[in-house]
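See structure below.
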Amino acid sequence: MRFEEAYGGWQGGRLTQEEAARLLGVCERTFRRYIDRYEDEGLDGLIDHRLNQVSHRRASVDEVMRLVDRYRSRHEGWNVKHFYAWYKRDGGGRSYTWVKNRLQEAKLVPKAAKRGAHRKRRERSPLPGMLVHQDGSTHEWAPGQHWDLIVTMDDATNEHYSMFFVDEEGTQSSFRGVREVIEVRGLFSAFYSDRGSHYWTTPEAGGKVDKVNLTQFGRAMKHLGIEMIAAYSPEARGRSERAFATHQGRLPKELALAGIIDMETANRYLRDVYRPAFNGEFAQPPLEEGSAFVPFLGGSLTGILCEQFERTVGKDNCVRFEGLTLQIPSDRHRCHYVKAKVHVHRYQDGTLAVFHGPRQLAAYDAQGMYKQPEIKDAASRHRHKR
C-alpha cells in the first residue's frame, strides 16, 4: 500500500523518484528496481522470496530436543556459559548464542536483566607476576559440606595458579597458596588480599592496616621481598569476587555430576580437571610480552613460609609451646640452652622444629614428640654410633 501511494505520486508528477524513495525508506536505485518488478509482476513481484526459504543451516527439531533434554536431565540450574563449555567439550558445533536462545525458548534459563550504568574497570597489570591476588570463599561446595576454597590468581592474565579446599582459611592455607605459585613460577612482585587477620593487623575494626606490626604471613612476605597491598572493599577485589561467583555457580554442580562428596577427592578434581578447564576458558593473554616472575634462589621455602614464634628455654632445657613441652636433646655445641632465646617453627602439616639462630636443634611431630634425625649415608651412621 505504501508503494502504490509512492508509485502513484511519482506517476502523477507530484513526487520525484528521490522523494518517493524517501517515503518508502529506501534509496532511489532500489525504488527504480521496485518499479521494474511492479510493472512486470504487479504487487507479487515486490515480495521478498527469501522470507519463504528455510535456511540450510537451520537445526533439526531432533537436535534441539537433544540439547534441551540433555540440559534438563543432567545440567539443570547451570548457567548458559557453563553449560556451553561442556557442550563444546563433547563436540557440539553450534554457537553460544544459538544454545542460549534454544534454552531460553524452552524456558530453562532466564533472560538476563538489563545492565546498569557503565563503570570503567581498573586496568590489568601488564605482565604476569607483577600482582597476585589471593582470597578465600566459604560455601556449600558439596551437599552438607561447607569448605573454604582458597584461590591464588594472577592479575594480568586471570590465570589461577593455585586452588584447593580447606576446612578453614588461615595462615597455613595462605602459605600453601603462595608456595604453589613460587615453586612453579618463581617470586612475584606484589600480593593483593583483603584485610583478614592472617594477612594484616588492623588496630581499629574497618580501619587502616598496620604495616609495622606484621602477622606471620606479613613477616614471610617481607622476607621474600614481596610487597603486600590491602583491599578496603569488595569492589576493590572485583576480579577475584567475579571469579568466586563463577566458581560458586559451577563447582558444586560439577562435583555433584562427578559424585564427589569428600575434600580429598574434590581437591584432586580441582587440580586435574577443573582448574585446567577454567584457565583454558577464562585466562587472558597479558597486555605485554614477558614476565615479572624471577627465580627463587633464597634457600628453603619451607623455612620461610611457616609460622615462627620466639620462646625462652626453661630450666629443664624444654620449650613450652601451646600446651606442648618440647625437650631439647643434648648436642655437641652446648651443654644446655637454659634461658636461651629460640624460635619454634610450625609447618603446614603441623610438625614443629626448634631453632637457635640459623641452626635447627630438634624436630617434633604435631603432638610434640621428638623426631630422630634421618641418617643419610654410611659415614654418617658410623659417626652417629661413635
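By convention here, the chains of the C-alpha cells are called A, B, ... in the order presented, each chain's residues are numbered starting at 1, and ligands are numbered starting at 1 in the order presented.
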
Taking 6 positions as the minimum chain separation for residues in the same chain, which residues sit within 10 Å of region 149-151 of chain A when counting only C-alpha atoms? Answer as a PyMOL selection string.
chain A and resi 133-139+141+160-170+173-174+176-178+240+243-244+247-248+267

Alpha helix (DSSP H) residues, from DSSP on the backbone, in region 123-335 of chain A, as a ChimeraX atom specification
/A:171-184,216-224,238-257,263-269,275-282

Go ahead and write the residues just picked, C-alpha atoms, as a short mmCIF file (atom, residue, chain, number, x, y, z; two decimals), in the first residue's frame.
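As a result, part.cif now contains:
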```
data_model
loop_
_atom_site.label_atom_id
_atom_site.label_comp_id
_atom_site.auth_asym_id
_atom_site.auth_seq_id
_atom_site.Cartn_x
_atom_site.Cartn_y
_atom_site.Cartn_z
CA THR A 171 47.83 -18.54 57.80
CA GLN A 172 48.79 -22.05 56.68
CA SER A 173 46.38 -22.04 53.74
CA SER A 174 47.77 -18.67 52.63
CA PHE A 175 51.32 -20.02 52.87
CA ARG A 176 50.32 -23.05 50.81
CA GLY A 177 48.81 -20.94 48.01
CA VAL A 178 51.88 -18.71 47.78
CA ARG A 179 54.23 -21.69 47.90
CA GLU A 180 52.45 -23.40 45.00
CA VAL A 181 52.93 -20.26 42.91
CA ILE A 182 56.62 -19.75 43.75
CA GLU A 183 57.56 -23.41 43.24
CA VAL A 184 56.15 -23.41 39.70
CA GLN A 216 53.22 -14.34 60.40
CA PHE A 217 52.24 -14.09 56.75
CA GLY A 218 53.41 -10.48 56.50
CA ARG A 219 56.77 -11.42 58.02
CA ALA A 220 57.24 -14.15 55.39
CA MET A 221 56.34 -11.80 52.52
CA LYS A 222 58.80 -9.21 53.80
CA HIS A 223 61.49 -11.89 53.98
CA LEU A 224 60.81 -12.78 50.32
CA GLY A 238 36.39 -7.15 41.81
CA ARG A 239 38.34 -9.70 39.75
CA SER A 240 38.56 -12.27 42.50
CA GLU A 241 34.95 -11.59 43.53
CA ARG A 242 33.74 -12.27 39.98
CA ALA A 243 35.88 -15.40 39.80
CA PHE A 244 34.35 -16.74 43.02
CA ALA A 245 30.86 -16.02 41.71
CA THR A 246 31.71 -18.24 38.74
CA HIS A 247 33.17 -20.96 40.99
CA GLN A 248 30.12 -20.95 43.26
CA GLY A 249 27.89 -21.30 40.24
CA ARG A 250 29.89 -24.08 38.59
CA LEU A 251 31.89 -26.12 41.08
CA PRO A 252 29.03 -27.54 43.19
CA LYS A 253 27.30 -28.71 40.01
CA GLU A 254 30.46 -30.29 38.60
CA LEU A 255 31.29 -32.03 41.89
CA ALA A 256 27.72 -33.33 42.08
CA LEU A 257 27.90 -34.52 38.47
CA MET A 263 37.51 -32.97 50.35
CA GLU A 264 40.45 -35.11 49.24
CA THR A 265 38.73 -36.22 46.03
CA ALA A 266 37.42 -32.70 45.45
CA ASN A 267 40.97 -31.31 45.65
CA ARG A 268 42.15 -33.86 43.08
CA TYR A 269 39.27 -32.81 40.81
CA ARG A 275 41.47 -25.60 37.18
CA PRO A 276 42.94 -26.53 33.76
CA ALA A 277 39.49 -26.19 32.16
CA PHE A 278 38.80 -22.88 33.94
CA ASN A 279 42.16 -21.41 32.86
CA GLY A 280 41.60 -22.62 29.31
CA GLU A 281 38.27 -20.79 29.18
CA PHE A 282 38.92 -17.63 31.21
#
```

Residue list (strand (DSSP E), DSSP) for region 100-293 of chain A, as a PyMOL selection string
chain A and resi 131-142+145-154+160-166+190-193+227-230
